[in-house]
Amino acid sequence: MKPVNFDYARPKDVAGAIALIGDESRTVKVMAGGQSLGPMLNMRLVQPDLVVDITGIGELKAVTDQGDRIVVGACVTHADFEDLRVPDVTHGALPSVASGIAYRAVRNRGTIGGSLTHADPSADWISILSAIGASVTVAGPAGSRTMSVEDYMLGALEADLRPGEILVSVSIPKLGHGARWGYYKSCRKTGEFAHAIGAFLHDPERGASRAVIGATESKPIVVAAATAFIGDGQGDKPAKGFDANATAKLLEASGMVDQIDRQTHVVALRRAIERAYPA
Amino acid sequence: MTTINLTVNGKQLSATAEPRTHLADYLRDCHNLTGTHIGCEHGVCGACTLLVDGVPTRSCITFAVTCEHAHVTTIEGLDNDEIATELRAAFKREHALQCGYCTPGMMVSARDVVLRMESPSEHDIRVAMSGNLCRCTGYVGIVRAVQSVIEARRKRGAGAIADGNRKVLGPAGSGHSSAVAANGAAKPRETSPTKAAASVAVAPARADANWTPQTTFVQSFTVEHPVDQVWEFFGRIGEVATCLPGASLNGEPVDGHVEGRIKVKVGPISAEFQGVADVSRDDATRTGTISGTGKDQRSNSATRGLIGYAVKQGDRPGQTRVDVTVGFTLTGMLAQFSRSGLVQDIANRLIAAFVQNLEAKLSAGEGAAPAVAAEFDAGSLFTSVIIGRIKALFASVFRRR
């Protein structure tokens with residue numbers, strides 16, 4: 001249970017990190033909090049020649065307010081959200097979801113950028129941030145690129161990073177006044193990776209109604225116009241209009257063949273919507 | 001080796017260690033602080049939990065070098081801590097420990113619950129403590145101990161501090177020291193494919209009637225070429241292999257027996273399976289099987305698989321549908337990590353790339369270069385093929401509403 005003997009560097013800025021990552025002569029792995037990479041290193045599933053620790057880069061641990069959104073550095077931790085060291089602009093959505101990630105000891109080191117880049121389909125950030133409509137910015141030798149969170153994840157364990165690129169920040173929109181959100185994850189044991197995730201956002205001010213089915217076998221399924229699930233959201237109990245059949249069909253079309261699996265995901269989304277509109 | 005400096009239990013300590021040394025090993029091996037226990041060593045059991053910069057941290061998945069100049073508090077450093085003192089009395093009173101293996105981690109996590117949670121229910125405490133496993137007590141005593149300390153403290157007016165007094169952003173332990181350049185101490189390891197190939201002892205792949213795969217899935221795809229052409233192409237093993245990203249053959253197949261390798265890269269994991277396969281096909285039914293075994297030296301993992309395929313007329317003339325049944329078993333390191341769903345996603349992407357290459361090959365004729373070559377990098381060739389199809393289906397489901 002000891003990692004291979006890797007070399008270690010802790011660059012002081014993003015440019016330094018990019019220079020190190022671009023070295024194609026050896027296997028280089030970027031590490032933030034190391035809460036997913038650590039176990040994989042210990043089990044020698046990953047055997048890098050060089051680990052680049054990006055937690056010494058101040059820019060990656062900063063939060064800036066940009067009017068209609070906040071921009072959060074990639075190395076901001078789950079606990080930073082949970083404890084409101086990152087200002088909440090989502091009516092409690094992100095602090096609440098963050099507080100349910102793994103365990104407190106993991107949340108004190110695990111980072112938002114690390115989770116998104118590790119791209120485990122069952123992780124929480126990818127699903128809730130897709131529902132909220134967040135985007136990410138990556139930087140590399142050819143400059144920086146910005147894309148939606150759901151586009152950043154290509155599939156299981158694959159993020160859209162070109163050679164030499166790292167994720168630098170996550171941009172989180174400030175939700176409007178009447179915005180409602182719901183999140184539900186199905187876990188048999190507290191803190192484990194979810195078997196199914198449902199996430200839902202209805203933000204009339206920003207004209208957003210998004211449903212996300214996460215913890216599939218690949219990237220989450222994002223439905224940008226979620227009125228299909230709940231009607232126009234104007235009735236007394238929009239959750240009543242939830243269309244389980246449409247959801248199941250959607251899952252089947254995405255290749256989820258197992259019926260129990262489909263049902264678990266349908267229920268997760270239904271419960272997420274119910275949580276958005278509590279009785 | 002690197003010199004690693006930490007403030008441990010208020011004392012400045014220094015020792016040389018490799019960057020791969022995790023914090024628990026550093027404390028135990030370099031400073032004889034054996035109060036920190038190591039259980040699972042991959043962040044699951046919580047036995048190694050200690051305080052870094054005042055907050056609980058898993059020391060088995062936190063590398064000591066990343067915490068340079070941080071403040072670490074181990075169980076040895078909690079002797080005079082007010083909450084820990086109360087917890088020790090409560091643990092004794094409530095029989096919250098038996099063998100004691102989990103106790104240092106339990107104490108650290110329990111202290112955090114007492115410090116941060118104002119008036120948690122029993123359920124809240126169980127959830128908050130769920131990252132620490134105990135095999136003796138059944139947790140009842142532990143939960144009672146935590147509950148009783150919280151009750152006593154709140155009665156005395158000692159309130160909770162929700163953020164545990166942490167005021168800075170970023171991973172606990174980070175940001176206390178300046179940049180470090182790689183010193184080249186760790187030599188890049190040899191991964192010469194020829195060397196690896198020579199040492200692989202490959203079992204014959206001949207069919208074993210009793211073998212049943214662990215995981216089976218079915219996948220279909222359609223190519224825009226006539227059945228005869230596709231069926232004929234599938235008979236040329238070497239050509240088919242060039243359509244599979246990352247796959248290569250050691251030579252032409254002899255009597256349906258072929259040796260080769262496939263490189264697969266999934267996120268941070270890369271594997272190169274060397275193996276053998278037996279290929280058979282039946283012209284009458286236009287079905288075939290490929291039965292193979294392979295081994296990845298680096299991760300010491302092995303796989304065994306049986307692929308069946310059937311080539312059929314597609315919905316339109318000039319179109320061919322191929323049904324593929326894949327059954328496989330994965331053992332070794334990769335299997336420990338793998339969840340079947342992830343393997344399925346990777347297989348889907350591999351097949352998507354295969355179909356893309358197959359189309360290109362069939363269109364361009366013999367000897368054409370494949371569209372996607374080299375090793376299979378799931379990220380770089382995540383094409384719009386399958387996703388595009390799924391998106392179209394989503395759109396059709398929801399447009400009607």
# chains A, B, ... in the order shown; residues from 1 in each chain; ligands from 1

call {"tool": "residues_around", "arguments": {"residues": "stretch 126-136 of chain A", "least_positions_apart": "6", "cutoff": "9 Å", "atoms": "only C-alpha atoms", "output": "number ranges by chain"}}
result
A: 90, 93-94, 97, 113, 115-116, 119-120, 145-153, 167-173, 175, 181, 183, 197-201, 208-215, 219-224

call {"tool": "write_last_selection", "arguments": {"atoms": "C-alpha atoms", "output": "CSV table (one decimal), in the first residue's frame"}}
result
chain,number,residue,atom,x,y,z
A,90,THR,CA,-27.2,29.5,-4.4
A,93,ALA,CA,-27.5,24.5,-2.6
A,94,LEU,CA,-23.7,24.3,-2.7
A,97,VAL,CA,-24.4,19.4,-1.1
A,113,GLY,CA,-11.5,21.3,-9.0
A,115,SER,CA,-13.5,16.3,-8.0
A,116,LEU,CA,-14.5,17.7,-11.3
A,119,ALA,CA,-14.6,13.0,-13.2
A,120,ASP,CA,-16.1,10.1,-11.2
A,145,ARG,CA,-10.7,28.0,-22.3
A,146,THR,CA,-14.1,28.2,-20.6
A,147,MET,CA,-16.8,25.6,-20.9
A,148,SER,CA,-19.9,24.4,-19.1
A,149,VAL,CA,-19.3,22.0,-16.2
A,150,GLU,CA,-21.2,19.2,-18.0
A,151,ASP,CA,-19.0,19.7,-21.2
A,152,TYR,CA,-15.9,19.5,-19.1
A,153,MET,CA,-16.7,16.0,-18.1
A,167,LEU,CA,-8.5,23.5,-14.3
A,168,VAL,CA,-8.1,26.9,-12.7
A,169,SER,CA,-11.5,28.0,-11.6
A,170,VAL,CA,-15.2,27.3,-11.4
A,171,SER,CA,-17.7,30.1,-12.2
A,172,ILE,CA,-20.9,29.8,-10.2
A,173,PRO,CA,-23.9,32.0,-11.2
A,175,LEU,CA,-29.3,32.4,-8.4
A,181,TRP,CA,-33.3,23.8,-6.0
A,183,TYR,CA,-30.8,17.5,-4.6
A,197,ILE,CA,-28.2,11.3,-8.0
A,198,GLY,CA,-31.0,13.7,-8.9
A,199,ALA,CA,-30.5,17.5,-9.0
A,200,PHE,CA,-33.0,20.1,-10.0
A,201,LEU,CA,-33.0,23.9,-10.4
A,208,ALA,CA,-33.4,28.4,-16.0
A,209,SER,CA,-35.1,25.1,-15.4
A,210,ARG,CA,-32.6,22.3,-15.3
A,211,ALA,CA,-32.8,18.7,-14.2
A,212,VAL,CA,-29.7,16.5,-13.8
A,213,ILE,CA,-29.6,12.7,-13.5
A,214,GLY,CA,-26.2,11.8,-12.1
A,215,ALA,CA,-24.2,8.8,-10.9
A,219,LYS,CA,-21.4,11.9,-17.5
A,220,PRO,CA,-24.6,13.1,-16.0
A,221,ILE,CA,-27.7,13.5,-18.1
A,222,VAL,CA,-28.5,17.2,-18.2
A,223,VAL,CA,-31.9,18.4,-19.3
A,224,ALA,CA,-31.7,22.1,-19.9

call {"tool": "closest_atom_pairs", "arguments": {"of": "chain A", "to": "chain B", "cutoff": "6 Å", "atoms": "only C-alpha atoms", "output": "JSON lines"}}
result
{"residue": "A:Asn5", "atom": "CA", "partner": "B:Ala186", "partner_atom": "CA", "distance": 5.8}
{"residue": "A:Phe6", "atom": "CA", "partner": "B:Ala186", "partner_atom": "CA", "distance": 5.4}
{"residue": "A:Asp7", "atom": "CA", "partner": "B:Ala186", "partner_atom": "CA", "distance": 5.1}
{"residue": "A:Tyr8", "atom": "CA", "partner": "B:Ala182", "partner_atom": "CA", "distance": 5.2}
{"residue": "A:Ala9", "atom": "CA", "partner": "B:Ala182", "partner_atom": "CA", "distance": 4.5}
{"residue": "A:Arg10", "atom": "CA", "partner": "B:Val180", "partner_atom": "CA", "distance": 4.8}
{"residue": "A:Pro11", "atom": "CA", "partner": "B:Ala179", "partner_atom": "CA", "distance": 5.1}
{"residue": "A:Lys12", "atom": "CA", "partner": "B:Ala179", "partner_atom": "CA", "distance": 5.0}
{"residue": "A:Gly33", "atom": "CA", "partner": "B:Pro171", "partner_atom": "CA", "distance": 5.7}
{"residue": "A:Gly38", "atom": "CA", "partner": "B:Ile61", "partner_atom": "CA", "distance": 4.7}
{"residue": "A:Pro39", "atom": "CA", "partner": "B:His42", "partner_atom": "CA", "distance": 4.5}
{"residue": "A:Val46", "atom": "CA", "partner": "B:Ile269", "partner_atom": "CA", "distance": 5.4}
{"residue": "A:Asp49", "atom": "CA", "partner": "B:Pro188", "partner_atom": "CA", "distance": 5.5}
{"residue": "A:Thr55", "atom": "CA", "partner": "B:Ser174", "partner_atom": "CA", "distance": 5.9}
{"residue": "A:Gly56", "atom": "CA", "partner": "B:Gly175", "partner_atom": "CA", "distance": 5.0}
{"residue": "A:Lys61", "atom": "CA", "partner": "B:Gly170", "partner_atom": "CA", "distance": 5.4}
{"residue": "A:Cys75", "atom": "CA", "partner": "B:Gly170", "partner_atom": "CA", "distance": 5.5}
{"residue": "A:Val76", "atom": "CA", "partner": "B:Gly170", "partner_atom": "CA", "distance": 4.6}
{"residue": "A:Thr77", "atom": "CA", "partner": "B:Gly170", "partner_atom": "CA", "distance": 5.4}
{"residue": "A:Asp83", "atom": "CA", "partner": "B:Asp163", "partner_atom": "CA", "distance": 5.2}
{"residue": "A:Tyr103", "atom": "CA", "partner": "B:Gly131", "partner_atom": "CA", "distance": 5.5}
{"residue": "A:Ala105", "atom": "CA", "partner": "B:Thr57", "partner_atom": "CA", "distance": 4.4}
{"residue": "A:Asn108", "atom": "CA", "partner": "B:Ala172", "partner_atom": "CA", "distance": 5.8}
{"residue": "A:Arg109", "atom": "CA", "partner": "B:Pro171", "partner_atom": "CA", "distance": 4.0}
{"residue": "A:Ala156", "atom": "CA", "partner": "B:Leu342", "partner_atom": "CA", "distance": 6.0}
{"residue": "A:Leu157", "atom": "CA", "partner": "B:Gly267", "partner_atom": "CA", "distance": 4.9}
{"residue": "A:Glu158", "atom": "CA", "partner": "B:Gly267", "partner_atom": "CA", "distance": 5.1}
{"residue": "A:Glu217", "atom": "CA", "partner": "B:Gly341", "partner_atom": "CA", "distance": 4.8}
{"residue": "A:Ser218", "atom": "CA", "partner": "B:Asp345", "partner_atom": "CA", "distance": 5.8}
{"residue": "A:Ser254", "atom": "CA", "partner": "B:Ile390", "partner_atom": "CA", "distance": 5.7}

call {"tool": "residues_around", "arguments": {"residues": "stretch 87-90 of chain B", "least_positions_apart": "5", "cutoff": "10 Å", "atoms": "only C-alpha atoms", "output": "JSON list (two decimals) with C-alpha atoms, in the first residue's frame"}}
result
[["chain", "number", "residue", "atom", "x", "y", "z"],
["B", 79, "ASP", "CA", -3.63, 15.08, 26.33],
["B", 81, "ASP", "CA", -7.08, 19.44, 25.11],
["B", 82, "GLU", "CA", -10.29, 20.34, 26.94],
["B", 95, "HIS", "CA", -17.65, 1.68, 26.99],
["B", 96, "ALA", "CA", -16.91, 3.42, 23.69],
["B", 103, "THR", "CA", -9.87, 5.04, 19.00],
["B", 107, "MET", "CA", -11.28, 10.75, 19.30],
["B", 108, "VAL", "CA", -10.20, 13.20, 16.62],
["B", 110, "ALA", "CA", -15.56, 12.99, 17.94],
["B", 111, "ARG", "CA", -13.72, 16.11, 19.06],
["B", 114, "VAL", "CA", -18.32, 18.26, 19.73],
["B", 141, "GLY", "CA", -21.17, 3.61, 23.24],
["B", 142, "ILE", "CA", -19.29, 5.97, 20.96],
["B", 144, "ARG", "CA", -23.53, 8.09, 23.65],
["B", 145, "ALA", "CA", -20.10, 9.36, 24.67],
["B", 146, "VAL", "CA", -20.19, 12.10, 22.04],
["B", 147, "GLN", "CA", -23.78, 12.98, 22.92],
["B", 148, "SER", "CA", -23.07, 13.22, 26.64],
["B", 149, "VAL", "CA", -20.06, 15.51, 26.16],
["B", 150, "ILE", "CA", -22.08, 17.79, 23.87]]

call {"tool": "select_by_dssp", "arguments": {"residues": "stretch 89-203 of chain A", "states": "strand (DSSP E)", "output": "ChimeraX atom specification"}}
result
/A:135-140,143-148,153-155,158-159,166-173,180-186,196-203

call {"tool": "atom_distance", "arguments": {"atom1": "atom CA of B:Val264", "atom2": "atom CA of A:Gly143"}}
result
28.6 Å

call {"tool": "select_by_dssp", "arguments": {"residues": "stretch 98-215 of chain A", "states": "alpha helix (DSSP H)", "output": "PyMOL selection string"}}
result
chain A and resi 98+104-107+112-118+124-132+149-152

call {"tool": "residues_around", "arguments": {"residues": "stretch 240-245 of chain A", "least_positions_apart": "6", "cutoff": "8 Å", "atoms": "only C-alpha atoms", "output": "PyMOL selection string"}}
result
chain A and resi 228-231+266+270

call {"tool": "decode", "arguments": {"residues": "stretch 55-86 of chain A", "atoms": "N, CA, C and O atoms", "output": "CSV table (one decimal), in the first residue's frame"}}
result
chain,number,residue,atom,x,y,z
A,55,THR,N,-1.5,23.0,-4.7
A,55,THR,CA,-2.2,23.6,-3.5
A,55,THR,C,-1.3,24.8,-3.0
A,55,THR,O,-1.8,25.5,-2.1
A,56,GLY,N,-0.1,25.0,-3.5
A,56,GLY,CA,0.7,26.1,-3.1
A,56,GLY,C,0.4,27.4,-3.9
A,56,GLY,O,1.0,28.5,-3.7
A,57,ILE,N,-0.5,27.3,-4.9
A,57,ILE,CA,-0.8,28.4,-5.8
A,57,ILE,C,-2.0,29.2,-5.2
A,57,ILE,O,-3.1,28.8,-5.2
A,58,GLY,N,-1.6,30.4,-4.8
A,58,GLY,CA,-2.6,31.3,-4.1
A,58,GLY,C,-3.9,31.5,-4.9
A,58,GLY,O,-5.0,31.5,-4.4
A,59,GLU,N,-3.6,31.8,-6.2
A,59,GLU,CA,-4.7,32.1,-7.1
A,59,GLU,C,-5.8,31.0,-7.2
A,59,GLU,O,-7.0,31.3,-7.4
A,60,LEU,N,-5.4,29.8,-7.0
A,60,LEU,CA,-6.3,28.7,-7.0
A,60,LEU,C,-7.1,28.5,-5.7
A,60,LEU,O,-8.0,27.6,-5.7
A,61,LYS,N,-6.8,29.3,-4.7
A,61,LYS,CA,-7.6,29.2,-3.5
A,61,LYS,C,-8.3,30.5,-3.2
A,61,LYS,O,-8.7,30.7,-2.1
A,62,ALA,N,-8.5,31.3,-4.3
A,62,ALA,CA,-9.2,32.5,-4.1
A,62,ALA,C,-10.6,32.5,-4.6
A,62,ALA,O,-11.0,31.7,-5.4
A,63,VAL,N,-11.5,33.4,-4.0
A,63,VAL,CA,-12.9,33.5,-4.5
A,63,VAL,C,-13.1,35.0,-4.9
A,63,VAL,O,-12.7,35.9,-4.1
A,64,THR,N,-13.6,35.2,-6.1
A,64,THR,CA,-13.8,36.6,-6.5
A,64,THR,C,-15.3,36.8,-6.9
A,64,THR,O,-15.9,35.9,-7.5
A,65,ASP,N,-15.8,38.0,-6.5
A,65,ASP,CA,-17.2,38.3,-6.9
A,65,ASP,C,-17.2,39.0,-8.2
A,65,ASP,O,-16.5,40.0,-8.3
A,66,GLN,N,-17.9,38.5,-9.2
A,66,GLN,CA,-18.0,39.2,-10.5
A,66,GLN,C,-19.4,39.7,-10.8
A,66,GLN,O,-19.8,39.6,-12.0
A,67,GLY,N,-20.1,40.2,-9.8
A,67,GLY,CA,-21.4,40.7,-10.1
A,67,GLY,C,-22.5,39.7,-10.1
A,67,GLY,O,-23.1,39.4,-9.1
A,68,ASP,N,-22.7,39.1,-11.3
A,68,ASP,CA,-23.7,38.1,-11.4
A,68,ASP,C,-23.2,36.7,-11.1
A,68,ASP,O,-24.0,35.7,-11.2
A,69,ARG,N,-21.9,36.5,-10.7
A,69,ARG,CA,-21.4,35.2,-10.4
A,69,ARG,C,-20.2,35.3,-9.5
A,69,ARG,O,-19.6,36.4,-9.4
A,70,ILE,N,-19.9,34.2,-8.9
A,70,ILE,CA,-18.6,34.2,-8.2
A,70,ILE,C,-17.7,33.2,-8.9
A,70,ILE,O,-18.1,32.2,-9.5
A,71,VAL,N,-16.4,33.5,-8.8
A,71,VAL,CA,-15.4,32.6,-9.4
A,71,VAL,C,-14.5,32.0,-8.3
A,71,VAL,O,-13.9,32.8,-7.5
A,72,VAL,N,-14.6,30.7,-8.3
A,72,VAL,CA,-13.9,30.0,-7.2
A,72,VAL,C,-12.7,29.2,-7.7
A,72,VAL,O,-12.8,28.5,-8.7
A,73,GLY,N,-11.6,29.4,-7.0
A,73,GLY,CA,-10.4,28.7,-7.5
A,73,GLY,C,-10.5,27.2,-7.4
A,73,GLY,O,-11.3,26.7,-6.5
A,74,ALA,N,-9.8,26.5,-8.2
A,74,ALA,CA,-9.9,25.0,-8.3
A,74,ALA,C,-9.6,24.3,-7.0
A,74,ALA,O,-10.1,23.2,-6.7
A,75,CYS,N,-8.7,24.9,-6.2
A,75,CYS,CA,-8.3,24.3,-4.9
A,75,CYS,C,-9.1,24.7,-3.7
A,75,CYS,O,-8.7,24.4,-2.6
A,76,VAL,N,-10.2,25.2,-3.9
A,76,VAL,CA,-11.1,25.5,-2.8
A,76,VAL,C,-11.8,24.2,-2.4
A,76,VAL,O,-12.2,23.4,-3.2
A,77,THR,N,-11.9,24.0,-1.1
A,77,THR,CA,-12.3,22.6,-0.6
A,77,THR,C,-13.8,22.6,-0.4
A,77,THR,O,-14.5,23.6,-0.3
A,78,HIS,N,-14.3,21.3,-0.2
A,78,HIS,CA,-15.7,21.1,0.1
A,78,HIS,C,-16.1,21.7,1.4
A,78,HIS,O,-17.1,22.3,1.5
A,79,ALA,N,-15.2,21.6,2.4
A,79,ALA,CA,-15.4,22.2,3.7
A,79,ALA,C,-15.5,23.8,3.6
A,79,ALA,O,-16.2,24.4,4.3
A,80,ASP,N,-14.8,24.4,2.6
A,80,ASP,CA,-14.8,25.8,2.4
A,80,ASP,C,-16.2,26.2,2.0
A,80,ASP,O,-16.7,27.3,2.5
A,81,PHE,N,-16.9,25.4,1.2
A,81,PHE,CA,-18.3,25.7,0.9
A,81,PHE,C,-19.2,25.4,2.1
A,81,PHE,O,-20.1,26.2,2.4
A,82,GLU,N,-19.0,24.2,2.7
A,82,GLU,CA,-19.8,23.8,3.8
A,82,GLU,C,-19.8,24.9,5.0
A,82,GLU,O,-20.9,25.2,5.5
A,83,ASP,N,-18.7,25.4,5.2
A,83,ASP,CA,-18.5,26.4,6.4
A,83,ASP,C,-18.8,27.8,5.9
A,83,ASP,O,-18.5,28.7,6.7
A,84,LEU,N,-19.1,28.0,4.7
A,84,LEU,CA,-19.4,29.4,4.2
A,84,LEU,C,-18.2,30.3,4.1
A,84,LEU,O,-18.4,31.5,4.1
A,85,ARG,N,-17.0,29.7,4.1
A,85,ARG,CA,-15.9,30.6,3.8
A,85,ARG,C,-16.0,31.0,2.3
A,85,ARG,O,-15.4,32.0,1.9
A,86,VAL,N,-16.7,30.2,1.5
A,86,VAL,CA,-17.1,30.7,0.2
A,86,VAL,C,-18.5,31.2,0.3
A,86,VAL,O,-19.4,30.6,0.8
